[in-house]
file protein36.txt (compact mmCIF, C-alpha atoms (C1' of nucleotides))
# COMPACT_ATOMS: atom_id res chain seq x y z
CA MET Z 1 -24.66 14.52 10.74
CA PHE Z 2 -21.84 16.90 11.57
CA ALA Z 3 -23.69 19.53 9.60
CA LYS Z 4 -27.25 19.02 10.78
CA GLU Z 5 -29.69 16.83 12.67
CA CYS Z 6 -31.00 13.83 10.81
CA THR Z 7 -34.05 11.59 10.67
CA TYR Z 8 -34.35 8.21 9.00
CA SER Z 9 -35.92 9.73 5.90
CA ASP Z 10 -33.27 12.45 5.75
CA PHE Z 11 -30.68 9.72 5.29
CA LEU Z 12 -32.89 7.73 2.91
CA ASN Z 13 -33.43 10.72 0.64
CA ALA Z 14 -29.87 12.01 0.76
CA ASP Z 15 -27.86 12.38 -2.46
CA GLU Z 16 -25.85 9.24 -1.78
CA LYS Z 17 -28.57 6.63 -2.11
CA ILE Z 18 -28.79 3.74 0.34
CA ALA Z 19 -31.19 0.79 0.49
CA THR Z 20 -33.70 1.09 3.33
CA ASN Z 21 -32.81 -2.25 4.93
CA ILE Z 22 -29.11 -1.44 4.85
CA LEU Z 23 -29.78 1.98 6.37
CA ALA Z 24 -31.77 0.38 9.18
CA SER Z 25 -29.02 -2.13 10.00
CA ARG Z 26 -26.27 0.50 9.84
CA LEU Z 27 -28.14 2.84 12.17
CA GLN Z 28 -28.74 -0.05 14.53
CA LYS Z 29 -25.04 -0.94 14.59
CA LEU Z 30 -23.97 2.67 15.09
CA VAL Z 31 -26.34 2.91 18.04
CA GLU Z 32 -24.96 -0.39 19.37
CA TYR Z 33 -21.39 0.97 19.06
CA LYS Z 34 -22.55 4.22 20.72
CA VAL Z 35 -21.46 6.42 17.83
CA ILE Z 36 -25.00 7.78 17.45
CA GLU Z 37 -28.11 7.68 19.61
CA LYS Z 38 -31.83 7.93 19.08
CA ARG Z 39 -33.74 10.93 20.36
CA THR Z 40 -37.41 11.81 20.23
CA HIS Z 41 -38.16 14.42 17.62
CA PRO Z 42 -39.48 17.63 19.20
CA GLU Z 43 -42.19 18.13 16.60
CA SER Z 44 -43.59 14.61 16.25
CA LYS Z 45 -43.68 11.27 18.00
CA ALA Z 46 -43.59 9.55 14.62
CA LYS Z 47 -40.13 10.95 13.88
CA VAL Z 48 -36.81 9.87 15.32
CA LEU Z 49 -33.77 12.11 15.59
CA TYR Z 50 -30.39 10.44 15.19
CA LYS Z 51 -27.68 12.39 16.97
CA LEU Z 52 -23.95 11.93 17.38
CA THR Z 53 -22.70 10.89 20.81
CA ALA Z 54 -19.43 12.29 22.22
CA LYS Z 55 -17.72 9.25 20.69
CA GLY Z 56 -19.28 10.14 17.33
CA ILE Z 57 -18.42 13.81 17.59
CA ASP Z 58 -14.80 12.81 18.21
CA LEU Z 59 -14.73 11.36 14.69
CA LEU Z 60 -14.70 14.93 13.36
CA PRO Z 61 -10.88 15.22 13.11
CA ILE Z 62 -10.83 12.03 11.01
CA MET Z 63 -13.55 13.38 8.71
CA ILE Z 64 -11.70 16.64 8.26
CA GLU Z 65 -8.47 14.89 7.34
CA ILE Z 66 -10.38 12.77 4.83
CA ASP Z 67 -11.88 15.91 3.31
CA LEU Z 68 -8.48 17.60 3.11
CA TRP Z 69 -7.08 14.52 1.35
CA ALA Z 70 -10.06 14.46 -1.01
CA GLU Z 71 -9.58 18.14 -1.82
CA LYS Z 72 -5.98 17.46 -2.77
CA TYR Z 73 -6.73 14.51 -5.06
CA PHE Z 74 -10.28 15.01 -6.39
CA SER Z 75 -11.99 17.88 -8.14
CA ASN Z 76 -15.65 17.21 -7.41
CA LEU Z 77 -16.02 18.84 -3.98
CA SER Z 78 -19.11 20.89 -3.23
CA ASP Z 79 -18.82 24.62 -2.69
CA GLY Z 80 -19.87 24.23 0.93
CA MET Z 81 -17.09 21.72 1.47
CA LYS Z 82 -14.54 24.02 -0.14
CA ALA Z 83 -15.64 26.92 2.06
CA MET Z 84 -15.33 24.79 5.18
CA LEU Z 85 -11.87 23.58 4.24
CA LYS Z 86 -10.74 27.16 3.71
CA LYS Z 87 -11.55 27.87 7.35
CA VAL Z 88 -9.90 24.62 8.43
CA LYS Z 89 -6.68 25.55 6.70
CA LYS Z 90 -6.63 28.93 8.39
CA ASP Z 91 -6.76 27.36 11.89
CA LYS Z 92 -7.37 23.62 12.09
CA VAL Z 93 -7.16 23.26 15.86
CA GLY Z 94 -9.42 26.25 16.43
CA PHE Z 95 -11.95 25.03 13.87
CA ILE Z 96 -12.21 21.58 15.41
CA LYS Z 97 -12.47 22.94 18.94
CA LYS Z 98 -15.25 25.32 17.99
CA ALA Z 99 -17.20 22.76 15.96
CA THR Z 100 -16.86 20.10 18.66
CA LYS Z 101 -18.02 22.47 21.36
CA GLN Z 102 -21.02 23.45 19.28
CA LEU Z 103 -21.96 19.84 18.50
CA LYS Z 104 -21.69 18.92 22.17
CA SER Z 105 -23.84 21.83 23.26
CA GLU Z 106 -26.52 20.70 20.80
CA LYS Z 107 -26.56 17.51 22.79
CA ALA Z 108 -28.04 19.47 25.70
CA ILE Z 109 -31.31 17.85 26.54
CA ALA Z 110 -34.43 19.86 25.80
CA PRO Z 111 -36.93 19.55 28.68
CA GLU Z 112 -39.59 17.87 26.54
CA ASN Z 113 -37.11 15.12 25.66
CA TYR Z 114 -35.70 14.49 29.10
CA ALA Z 115 -38.26 11.89 30.14
CA ALA Z 116 -37.71 9.78 27.05
CA LEU Z 117 -34.04 9.36 27.90
CA HIS Z 118 -34.87 7.64 31.17
CA ARG Z 119 -37.00 4.78 29.98
CA MET Q 1 2.77 0.00 4.86
CA PHE Q 2 3.48 3.23 6.72
CA ALA Q 3 5.76 1.23 9.00
CA LYS Q 4 7.61 -0.92 6.48
CA GLU Q 5 7.84 -2.17 2.94
CA CYS Q 6 5.51 -4.99 2.02
CA THR Q 7 5.30 -7.92 -0.33
CA TYR Q 8 2.21 -9.91 -1.25
CA SER Q 9 3.07 -12.62 1.27
CA ASP Q 10 3.77 -10.06 4.00
CA PHE Q 11 0.14 -8.96 3.68
CA LEU Q 12 -1.14 -12.52 3.40
CA ASN Q 13 0.65 -13.60 6.58
CA ALA Q 14 -0.14 -10.47 8.59
CA ASP Q 15 -2.06 -10.73 11.86
CA GLU Q 16 -5.28 -9.50 10.30
CA LYS Q 17 -6.03 -12.40 7.98
CA ILE Q 18 -7.26 -11.79 4.45
CA ALA Q 19 -8.25 -14.26 1.72
CA THR Q 20 -5.72 -14.43 -1.09
CA ASN Q 21 -8.19 -13.59 -3.85
CA ILE Q 22 -9.48 -10.57 -1.93
CA LEU Q 23 -5.93 -9.39 -1.29
CA ALA Q 24 -5.13 -9.66 -4.98
CA SER Q 25 -8.18 -7.63 -6.02
CA ARG Q 26 -7.59 -4.98 -3.33
CA LEU Q 27 -3.97 -4.50 -4.33
CA GLN Q 28 -5.04 -4.26 -7.96
CA LYS Q 29 -7.59 -1.55 -7.12
CA LEU Q 30 -5.17 0.40 -4.94
CA VAL Q 31 -2.68 0.35 -7.81
CA GLU Q 32 -5.45 1.45 -10.20
CA TYR Q 33 -6.32 4.35 -7.85
CA LYS Q 34 -2.61 5.17 -7.54
CA VAL Q 35 -2.52 4.82 -3.79
CA ILE Q 36 0.21 2.18 -4.05
CA GLU Q 37 2.50 1.01 -6.83
CA LYS Q 38 4.41 -2.11 -7.69
CA ARG Q 39 8.18 -2.14 -7.56
CA THR Q 40 10.69 -4.82 -8.32
CA HIS Q 41 12.16 -6.29 -5.19
CA PRO Q 42 15.91 -5.62 -4.96
CA GLU Q 43 16.74 -9.13 -3.79
CA SER Q 44 14.62 -11.28 -6.11
CA LYS Q 45 12.71 -11.14 -9.38
CA ALA Q 46 10.10 -13.44 -7.88
CA LYS Q 47 9.13 -10.86 -5.26
CA VAL Q 48 7.12 -7.70 -5.70
CA LEU Q 49 7.37 -4.69 -3.42
CA TYR Q 50 4.19 -2.71 -2.88
CA LYS Q 51 4.97 0.89 -1.97
CA LEU Q 52 2.85 3.90 -1.16
CA THR Q 53 2.69 6.65 -3.75
CA ALA Q 54 2.64 10.33 -2.71
CA LYS Q 55 -1.17 10.05 -2.76
CA GLY Q 56 -0.94 7.07 -0.42
CA ILE Q 57 1.58 8.70 1.88
CA ASP Q 58 -0.81 11.65 2.20
CA LEU Q 59 -3.27 9.30 3.90
CA LEU Q 60 -1.01 9.36 6.97
CA PRO Q 61 -2.82 12.23 8.75
CA ILE Q 62 -6.10 10.31 8.39
CA MET Q 63 -4.54 7.15 9.82
CA ILE Q 64 -3.10 9.05 12.76
CA GLU Q 65 -6.47 10.62 13.59
CA ILE Q 66 -8.07 7.19 13.43
CA ASP Q 67 -5.43 5.84 15.80
CA LEU Q 68 -5.93 8.74 18.21
CA TRP Q 69 -9.68 8.09 18.19
CA ALA Q 70 -9.10 4.38 18.74
CA GLU Q 71 -6.77 5.10 21.64
CA LYS Q 72 -9.51 7.18 23.26
CA TYR Q 73 -12.26 4.58 22.90
CA PHE Q 74 -10.57 1.17 22.82
CA SER Q 75 -8.11 -0.54 25.11
CA ASN Q 76 -6.49 -3.12 22.83
CA LEU Q 77 -3.77 -1.01 21.20
CA SER Q 78 -0.31 -2.51 20.71
CA ASP Q 79 2.63 -1.11 22.64
CA GLY Q 80 4.21 0.12 19.42
CA MET Q 81 1.06 2.03 18.59
CA LYS Q 82 0.93 3.58 22.04
CA ALA Q 83 4.55 4.67 21.78
CA MET Q 84 3.92 6.29 18.41
CA LEU Q 85 0.86 8.15 19.66
CA LYS Q 86 2.85 9.50 22.56
CA LYS Q 87 5.18 11.19 20.07
CA VAL Q 88 2.22 12.37 18.00
CA LYS Q 89 0.64 14.06 20.99
CA LYS Q 90 3.88 15.86 21.78
CA ASP Q 91 4.01 17.45 18.32
CA LYS Q 92 1.50 16.25 15.74
CA VAL Q 93 2.52 18.56 12.89
CA GLY Q 94 6.20 17.82 13.42
CA PHE Q 95 5.61 14.08 13.58
CA ILE Q 96 3.63 14.00 10.35
CA LYS Q 97 6.13 16.19 8.51
CA LYS Q 98 9.04 14.02 9.55
CA ALA Q 99 7.29 10.74 8.78
CA THR Q 100 6.06 12.00 5.41
CA LYS Q 101 9.48 13.23 4.43
CA GLN Q 102 11.01 9.92 5.36
CA LEU Q 103 8.40 7.92 3.45
CA LYS Q 104 8.88 10.07 0.37
CA SER Q 105 12.65 9.74 0.50
CA GLU Q 106 12.23 5.96 0.57
CA LYS Q 107 10.48 6.37 -2.74
CA ALA Q 108 13.80 7.44 -4.26
CA ILE Q 109 14.49 5.06 -7.07
CA ALA Q 110 17.40 2.71 -6.55
CA PRO Q 111 19.44 2.43 -9.77
CA GLU Q 112 18.75 -1.27 -10.21
CA ASN Q 113 14.99 -0.55 -10.22
CA TYR Q 114 14.96 2.43 -12.53
CA ALA Q 115 14.59 0.48 -15.77
CA ALA Q 116 11.60 -1.47 -14.50
CA LEU Q 117 9.67 1.75 -13.96
CA HIS Q 118 9.81 2.59 -17.63
CA ARG Q 119 8.22 -0.43 -19.15
C1' DT P 1 16.98 -31.40 -11.74
C1' DT P 2 13.91 -31.39 -8.25
C1' DA P 3 11.72 -28.97 -4.49
C1' DT P 4 10.17 -24.82 -2.64
C1' DT P 5 8.71 -20.06 -2.58
C1' DA P 6 6.16 -15.97 -4.22
C1' DG P 7 2.40 -14.21 -6.42
C1' DC P 8 -1.25 -14.88 -8.07
C1' DT P 9 -6.09 -17.32 -10.42
C1' DT P 10 -10.17 -20.31 -10.27
C1' DG P 11 -14.38 -22.64 -8.46
C1' DC P 12 -17.79 -22.81 -5.25
C1' DA P 13 -20.37 -22.04 -0.82
C1' DA P 14 -21.62 -18.49 2.52
C1' DA P 15 -22.48 -13.88 3.77
C1' DT P 16 -23.76 -9.19 2.48
C1' DT P 17 -26.18 -5.96 -0.33
C1' DG P 18 -29.83 -3.87 -3.29
C1' DC P 19 -34.49 -3.61 -4.74
C1' DA P 20 -39.37 -3.90 -4.16
C1' DA P 21 -43.17 -4.59 -1.48
C1' DG P 22 -45.38 -4.87 2.94
C1' DT P 23 -46.24 -3.57 8.08
C1' DT P 24 -47.14 -0.46 12.06
C1' DG P 25 -48.27 3.48 14.49
C1' DA P 26 -48.64 8.57 14.51
C1' DA P 27 -50.46 12.71 12.31
C1' DA P 28 -52.81 15.31 8.91
C1' DT P 29 -57.06 15.64 6.18
C1' DA P 30 -61.88 15.13 4.93
C1' DT I 1 -64.75 10.21 13.27
C1' DA I 2 -63.05 7.89 9.31
C1' DT I 3 -59.60 7.84 6.00
C1' DT I 4 -55.46 8.87 3.89
C1' DT I 5 -50.68 9.97 4.32
C1' DC I 6 -46.17 9.76 6.36
C1' DA I 7 -42.18 8.10 8.94
C1' DA I 8 -39.71 4.31 10.29
C1' DC I 9 -38.93 0.30 9.73
C1' DT I 10 -39.23 -5.29 8.21
C1' DT I 11 -39.36 -9.10 4.92
C1' DG I 12 -38.40 -11.90 0.74
C1' DC I 13 -35.59 -12.69 -2.93
C1' DA I 14 -32.05 -11.93 -6.58
C1' DA I 15 -27.45 -10.08 -7.46
C1' DT I 16 -22.97 -9.04 -5.81
C1' DT I 17 -19.08 -9.69 -2.79
C1' DT I 18 -16.43 -12.41 0.28
C1' DG I 19 -14.01 -16.46 2.32
C1' DC I 20 -11.94 -20.89 1.77
C1' DA I 21 -9.46 -24.36 -0.65
C1' DA I 22 -7.04 -25.86 -4.40
C1' DG I 23 -4.36 -25.14 -8.45
C1' DC I 24 -1.04 -22.75 -11.58
C1' DT I 25 3.35 -20.42 -13.21
C1' DA I 26 7.71 -18.39 -12.96
C1' DA I 27 11.78 -17.74 -10.16
C1' DT I 28 14.98 -19.10 -6.82
C1' DA I 29 17.09 -22.79 -3.52
C1' DA I 30 18.75 -27.27 -2.56
call {"tool": "encode", "arguments": {"input": "protein36.txt", "output": "structure tokens"}}
result
Amino acid sequence: MFAKECTYSDFLNADEKIATNILASRLQKLVEYKVIEKRTHPESKAKVLYKLTAKGIDLLPIMIEIDLWAEKYFSNLSDGMKAMLKKVKKDKVGFIKKATKQLKSEKAIAPENYAALHR
Amino acid sequence: MFAKECTYSDFLNADEKIATNILASRLQKLVEYKVIEKRTHPESKAKVLYKLTAKGIDLLPIMIEIDLWAEKYFSNLSDGMKAMLKKVKKDKVGFIKKATKQLKSEKAIAPENYAALHR
DNA sequence: TTATTAGCTTGCAAATTGCAAGTTGAAATA
DNA sequence: TATTTCAACTTGCAATTTGCAAGCTAATAA
């Protein structure tokens, strides 16, 4: 979710497999805890976009530290992950600031979605 | 474990309760993953000291980020935790370096325990 | 030498998870 | 317009994991 926007089926078809009922209950709990929120999908009413809240975005430093630890003790990291960590190690504070700012700006409400937020 | 050395009963009697069979299996797995290791207790053969390995000590940055996140979004932190986070916010890198160094020095093998490590 | 402590293991009920199939409403297709 | 497909779930049930209580063994303490 830090990398891109996600729908229910995006999660369901991700590499790390998860049972559909478990996915549903996890998403529900994360919404309840205000770590993520539901948004209408711009291209279809049938789709739901799950987006990080500010509280969720603030988990980024934790995720990065986990990835740095994993890099140190495991050898199966993806190339994308390795590339990201290279940047992180060059300037961790700067990286997190930039990524956080970008994620928060993506939270800006597109006009066509504004109404849905208020019902 | 980052704060002090721990025995099986220390964990069992901690504030966050855990069932004894679950504790046993968790400790076993953490030893298997080399996050912690068993040591003989200096004051009794009946006791076992569980200590963090270097791999375990390297989890400290993750724990600190989790605590910082918790401080931001929850209000039930202990006074000790708050005091620690105050130091962290003054100089995060310095704090982690110092704490890590100290934890690793505690790993120095006391003479009376050396033999036990090699069987 | 008997009692207690520390570190587990075992048995069983309760809760959680995984898998497969079904439901509902929106959108694409015929 | 009718029908099929798709996305997001829900439901039922078996398998796994967890929690609780009791028991077991070796090492100290009384």
call {"tool": "calpha_fit_and_write", "arguments": {"input": "protein36.txt", "fixed": "chain Q", "moving": "chain Z", "output": "CSV table (one decimal) with C-alpha atoms, in the coordinates of the input"}}
result
chain,number,residue,atom,x,y,z
Z,1,MET,CA,2.8,0.0,4.9
Z,2,PHE,CA,3.5,3.2,6.7
Z,3,ALA,CA,5.7,1.3,9.0
Z,4,LYS,CA,7.6,-0.9,6.5
Z,5,GLU,CA,7.8,-2.2,2.9
Z,6,CYS,CA,5.5,-5.0,2.0
Z,7,THR,CA,5.3,-7.9,-0.3
Z,8,TYR,CA,2.2,-9.9,-1.2
Z,9,SER,CA,3.0,-12.6,1.3
Z,10,ASP,CA,3.7,-10.1,4.0
Z,11,PHE,CA,0.1,-9.0,3.7
Z,12,LEU,CA,-1.2,-12.5,3.4
Z,13,ASN,CA,0.6,-13.6,6.6
Z,14,ALA,CA,-0.2,-10.5,8.6
Z,15,ASP,CA,-2.1,-10.8,11.9
Z,16,GLU,CA,-5.3,-9.5,10.3
Z,17,LYS,CA,-6.1,-12.4,8.0
Z,18,ILE,CA,-7.3,-11.8,4.5
Z,19,ALA,CA,-8.3,-14.2,1.7
Z,20,THR,CA,-5.7,-14.4,-1.1
Z,21,ASN,CA,-8.2,-13.6,-3.9
Z,22,ILE,CA,-9.5,-10.6,-1.9
Z,23,LEU,CA,-5.9,-9.4,-1.3
Z,24,ALA,CA,-5.1,-9.6,-5.0
Z,25,SER,CA,-8.2,-7.6,-6.0
Z,26,ARG,CA,-7.6,-5.0,-3.3
Z,27,LEU,CA,-4.0,-4.5,-4.3
Z,28,GLN,CA,-5.1,-4.2,-7.9
Z,29,LYS,CA,-7.6,-1.5,-7.1
Z,30,LEU,CA,-5.2,0.4,-4.9
Z,31,VAL,CA,-2.7,0.4,-7.8
Z,32,GLU,CA,-5.5,1.5,-10.2
Z,33,TYR,CA,-6.4,4.4,-7.8
Z,34,LYS,CA,-2.7,5.2,-7.5
Z,35,VAL,CA,-2.6,4.8,-3.8
Z,36,ILE,CA,0.2,2.2,-4.0
Z,37,GLU,CA,2.5,1.0,-6.8
Z,38,LYS,CA,4.4,-2.1,-7.7
Z,39,ARG,CA,8.2,-2.1,-7.6
Z,40,THR,CA,10.7,-4.8,-8.3
Z,41,HIS,CA,12.1,-6.3,-5.2
Z,42,PRO,CA,15.9,-5.7,-5.0
Z,43,GLU,CA,16.7,-9.2,-3.8
Z,44,SER,CA,14.6,-11.3,-6.2
Z,45,LYS,CA,12.6,-11.1,-9.4
Z,46,ALA,CA,10.0,-13.4,-8.0
Z,47,LYS,CA,9.1,-10.9,-5.3
Z,48,VAL,CA,7.1,-7.7,-5.7
Z,49,LEU,CA,7.3,-4.7,-3.5
Z,50,TYR,CA,4.2,-2.7,-2.9
Z,51,LYS,CA,4.9,0.9,-2.0
Z,52,LEU,CA,2.8,3.9,-1.2
Z,53,THR,CA,2.6,6.7,-3.8
Z,54,ALA,CA,2.6,10.4,-2.7
Z,55,LYS,CA,-1.2,10.1,-2.8
Z,56,GLY,CA,-1.0,7.1,-0.4
Z,57,ILE,CA,1.5,8.7,1.9
Z,58,ASP,CA,-0.9,11.7,2.2
Z,59,LEU,CA,-3.3,9.3,3.9
Z,60,LEU,CA,-1.1,9.4,7.0
Z,61,PRO,CA,-2.9,12.2,8.8
Z,62,ILE,CA,-6.1,10.3,8.4
Z,63,MET,CA,-4.5,7.1,9.8
Z,64,ILE,CA,-3.1,9.1,12.8
Z,65,GLU,CA,-6.5,10.6,13.6
Z,66,ILE,CA,-8.1,7.2,13.4
Z,67,ASP,CA,-5.4,5.8,15.8
Z,68,LEU,CA,-5.9,8.7,18.2
Z,69,TRP,CA,-9.7,8.0,18.2
Z,70,ALA,CA,-9.1,4.3,18.7
Z,71,GLU,CA,-6.7,5.1,21.7
Z,72,LYS,CA,-9.5,7.1,23.3
Z,73,TYR,CA,-12.2,4.5,22.9
Z,74,PHE,CA,-10.5,1.1,22.9
Z,75,SER,CA,-8.0,-0.6,25.1
Z,76,ASN,CA,-6.4,-3.1,22.9
Z,77,LEU,CA,-3.7,-1.0,21.2
Z,78,SER,CA,-0.2,-2.5,20.7
Z,79,ASP,CA,2.7,-1.1,22.6
Z,80,GLY,CA,4.3,0.2,19.4
Z,81,MET,CA,1.1,2.0,18.6
Z,82,LYS,CA,1.0,3.6,22.0
Z,83,ALA,CA,4.6,4.7,21.8
Z,84,MET,CA,3.9,6.3,18.4
Z,85,LEU,CA,0.9,8.1,19.6
Z,86,LYS,CA,2.9,9.5,22.5
Z,87,LYS,CA,5.2,11.2,20.0
Z,88,VAL,CA,2.2,12.4,18.0
Z,89,LYS,CA,0.7,14.1,21.0
Z,90,LYS,CA,3.9,15.9,21.8
Z,91,ASP,CA,4.0,17.5,18.3
Z,92,LYS,CA,1.5,16.3,15.7
Z,93,VAL,CA,2.5,18.6,12.9
Z,94,GLY,CA,6.2,17.9,13.4
Z,95,PHE,CA,5.6,14.1,13.6
Z,96,ILE,CA,3.6,14.0,10.3
Z,97,LYS,CA,6.1,16.2,8.5
Z,98,LYS,CA,9.0,14.1,9.5
Z,99,ALA,CA,7.3,10.8,8.7
Z,100,THR,CA,6.0,12.0,5.4
Z,101,LYS,CA,9.4,13.3,4.4
Z,102,GLN,CA,11.0,10.0,5.3
Z,103,LEU,CA,8.4,7.9,3.4
Z,104,LYS,CA,8.9,10.1,0.4
Z,105,SER,CA,12.6,9.8,0.5
Z,106,GLU,CA,12.2,6.0,0.6
Z,107,LYS,CA,10.5,6.4,-2.7
Z,108,ALA,CA,13.8,7.4,-4.2
Z,109,ILE,CA,14.5,5.0,-7.0
Z,110,ALA,CA,17.4,2.6,-6.5
Z,111,PRO,CA,19.5,2.3,-9.7
Z,112,GLU,CA,18.8,-1.4,-10.1
Z,113,ASN,CA,15.1,-0.6,-10.2
Z,114,TYR,CA,15.1,2.4,-12.5
Z,115,ALA,CA,14.8,0.4,-15.7
Z,116,ALA,CA,11.7,-1.5,-14.5
Z,117,LEU,CA,9.8,1.8,-14.0
Z,118,HIS,CA,10.1,2.7,-17.7
Z,119,ARG,CA,8.6,-0.3,-19.3
call {"tool": "closest_residue", "arguments": {"input": "protein36.txt", "among": "Q:Glu32, Q:Glu37, Q:Ala14, Q:Val48", "to": "chain I", "atoms": "only C-alpha atoms (C1' of nucleotides)"}}
result
Q:Val48
call {"tool": "interface_residues", "arguments": {"input": "protein36.txt", "of": "chain Q", "to": "chain P", "cutoff": "7 Å", "atoms": "all atoms listed in the file", "output": "list in words"}}
result
Tyr8, Ala46 and Lys47 of chain Q
call {"tool": "atom_distance", "arguments": {"input": "protein36.txt", "atom1": "CA of Ala70 in chain Z", "atom2": "CA of Leu59 in chain Q"}}
result
9.8 Å
call {"tool": "interface_residues", "arguments": {"input": "protein36.txt", "of": "chain Q", "to": "chain Z", "cutoff": "7 Å", "atoms": "all atoms listed in the file", "output": "PyMOL selection string"}}
result
chain Q and resi 58-59+61-62+65-66+69
call {"tool": "closest_atom_pairs", "arguments": {"input": "protein36.txt", "of": "chain I", "to": "chain Z", "cutoff": "12 Å", "atoms": "only C-alpha atoms (C1' of nucleotides)", "output": "CSV"}}
result
residue,atom,partner,partner_atom,distance
I:DC6,C1',Z:Ala46,CA,8.7
I:DA7,C1',Z:Ala46,CA,6.0
I:DA8,C1',Z:Tyr8,CA,6.8
I:DC9,C1',Z:Ala24,CA,7.2
I:DT10,C1',Z:Asn21,CA,7.8
I:DT11,C1',Z:Asn21,CA,9.5
I:DG12,C1',Z:Asn21,CA,11.9
call {"tool": "atom_distance", "arguments": {"input": "protein36.txt", "atom1": "CA of Ala54 in chain Z", "atom2": "CA of Phe74 in chain Q"}}
result
14.2 Å
call {"tool": "residues_around", "arguments": {"input": "protein36.txt", "residues": "Ile22 in chain Q", "least_positions_apart": "4", "cutoff": "12 Å", "atoms": "only C-alpha atoms (C1' of nucleotides)", "output": "list in words"}}
result
Tyr8, Phe11, Leu12, Lys17, Ile18, Arg26, Leu27, Gln28 and Lys29 of chain Q; DC8 and DT9 of chain P; DT17, DT18, DG19 and DC20 of chain I
call {"tool": "atom_distance", "arguments": {"input": "protein36.txt", "atom1": "CA of Ile57 in chain Q", "atom2": "CA of Val35 in chain Q"}}
result
8.0 Å
call {"tool": "build_atoms", "arguments": {"input": "protein36.txt", "residues": "range 63-78 of chain Z", "atoms": "N, CA and C atoms", "output": "PDB file, in the frame of the given file"}}
result
ATOM      1  N   MET Z  63     -12.779  12.926   9.880  1.00  0.00           N
ATOM      2  CA  MET Z  63     -13.550  13.380   8.710  1.00  0.00           C
ATOM      3  C   MET Z  63     -12.867  14.559   8.031  1.00  0.00           C
ATOM      4  N   ILE Z  64     -12.349  15.466   8.840  1.00  0.00           N
ATOM      5  CA  ILE Z  64     -11.700  16.640   8.260  1.00  0.00           C
ATOM      6  C   ILE Z  64     -10.437  16.247   7.500  1.00  0.00           C
ATOM      7  N   GLU Z  65      -9.673  15.325   8.058  1.00  0.00           N
ATOM      8  CA  GLU Z  65      -8.470  14.890   7.340  1.00  0.00           C
ATOM      9  C   GLU Z  65      -8.837  14.179   6.038  1.00  0.00           C
ATOM     10  N   ILE Z  66      -9.914  13.426   6.058  1.00  0.00           N
ATOM     11  CA  ILE Z  66     -10.380  12.770   4.830  1.00  0.00           C
ATOM     12  C   ILE Z  66     -10.751  13.820   3.788  1.00  0.00           C
ATOM     13  N   ASP Z  67     -11.465  14.851   4.233  1.00  0.00           N
ATOM     14  CA  ASP Z  67     -11.880  15.910   3.310  1.00  0.00           C
ATOM     15  C   ASP Z  67     -10.681  16.659   2.738  1.00  0.00           C
ATOM     16  N   LEU Z  68      -9.678  16.907   3.583  1.00  0.00           N
ATOM     17  CA  LEU Z  68      -8.480  17.600   3.110  1.00  0.00           C
ATOM     18  C   LEU Z  68      -7.753  16.749   2.062  1.00  0.00           C
ATOM     19  N   TRP Z  69      -7.726  15.444   2.310  1.00  0.00           N
ATOM     20  CA  TRP Z  69      -7.080  14.520   1.350  1.00  0.00           C
ATOM     21  C   TRP Z  69      -7.869  14.538   0.040  1.00  0.00           C
ATOM     22  N   ALA Z  70      -9.193  14.473   0.172  1.00  0.00           N
ATOM     23  CA  ALA Z  70     -10.060  14.460  -1.010  1.00  0.00           C
ATOM     24  C   ALA Z  70      -9.876  15.747  -1.821  1.00  0.00           C
ATOM     25  N   GLU Z  71      -9.762  16.854  -1.119  1.00  0.00           N
ATOM     26  CA  GLU Z  71      -9.580  18.140  -1.820  1.00  0.00           C
ATOM     27  C   GLU Z  71      -8.307  18.131  -2.641  1.00  0.00           C
ATOM     28  N   LYS Z  72      -7.285  17.472  -2.089  1.00  0.00           N
ATOM     29  CA  LYS Z  72      -5.980  17.460  -2.770  1.00  0.00           C
ATOM     30  C   LYS Z  72      -5.987  16.567  -4.009  1.00  0.00           C
ATOM     31  N   TYR Z  73      -6.819  15.496  -3.983  1.00  0.00           N
ATOM     32  CA  TYR Z  73      -6.730  14.510  -5.060  1.00  0.00           C
ATOM     33  C   TYR Z  73      -7.979  14.352  -5.917  1.00  0.00           C
ATOM     34  N   PHE Z  74      -9.058  15.077  -5.578  1.00  0.00           N
ATOM     35  CA  PHE Z  74     -10.280  15.010  -6.390  1.00  0.00           C
ATOM     36  C   PHE Z  74     -10.769  16.405  -6.694  1.00  0.00           C
ATOM     37  N   SER Z  75     -11.574  16.537  -7.728  1.00  0.00           N
ATOM     38  CA  SER Z  75     -11.990  17.880  -8.140  1.00  0.00           C
ATOM     39  C   SER Z  75     -13.496  18.082  -8.023  1.00  0.00           C
ATOM     40  N   ASN Z  76     -14.188  17.122  -7.431  1.00  0.00           N
ATOM     41  CA  ASN Z  76     -15.650  17.210  -7.410  1.00  0.00           C
ATOM     42  C   ASN Z  76     -16.213  17.593  -6.036  1.00  0.00           C
ATOM     43  N   LEU Z  77     -15.512  18.443  -5.300  1.00  0.00           N
ATOM     44  CA  LEU Z  77     -16.020  18.840  -3.980  1.00  0.00           C
ATOM     45  C   LEU Z  77     -17.092  19.916  -4.115  1.00  0.00           C
ATOM     46  N   SER Z  78     -18.050  19.872  -3.218  1.00  0.00           N
ATOM     47  CA  SER Z  78     -19.110  20.890  -3.230  1.00  0.00           C
ATOM     48  C   SER Z  78     -18.539  22.228  -2.774  1.00  0.00           C
TER      49      SER Z  78
END
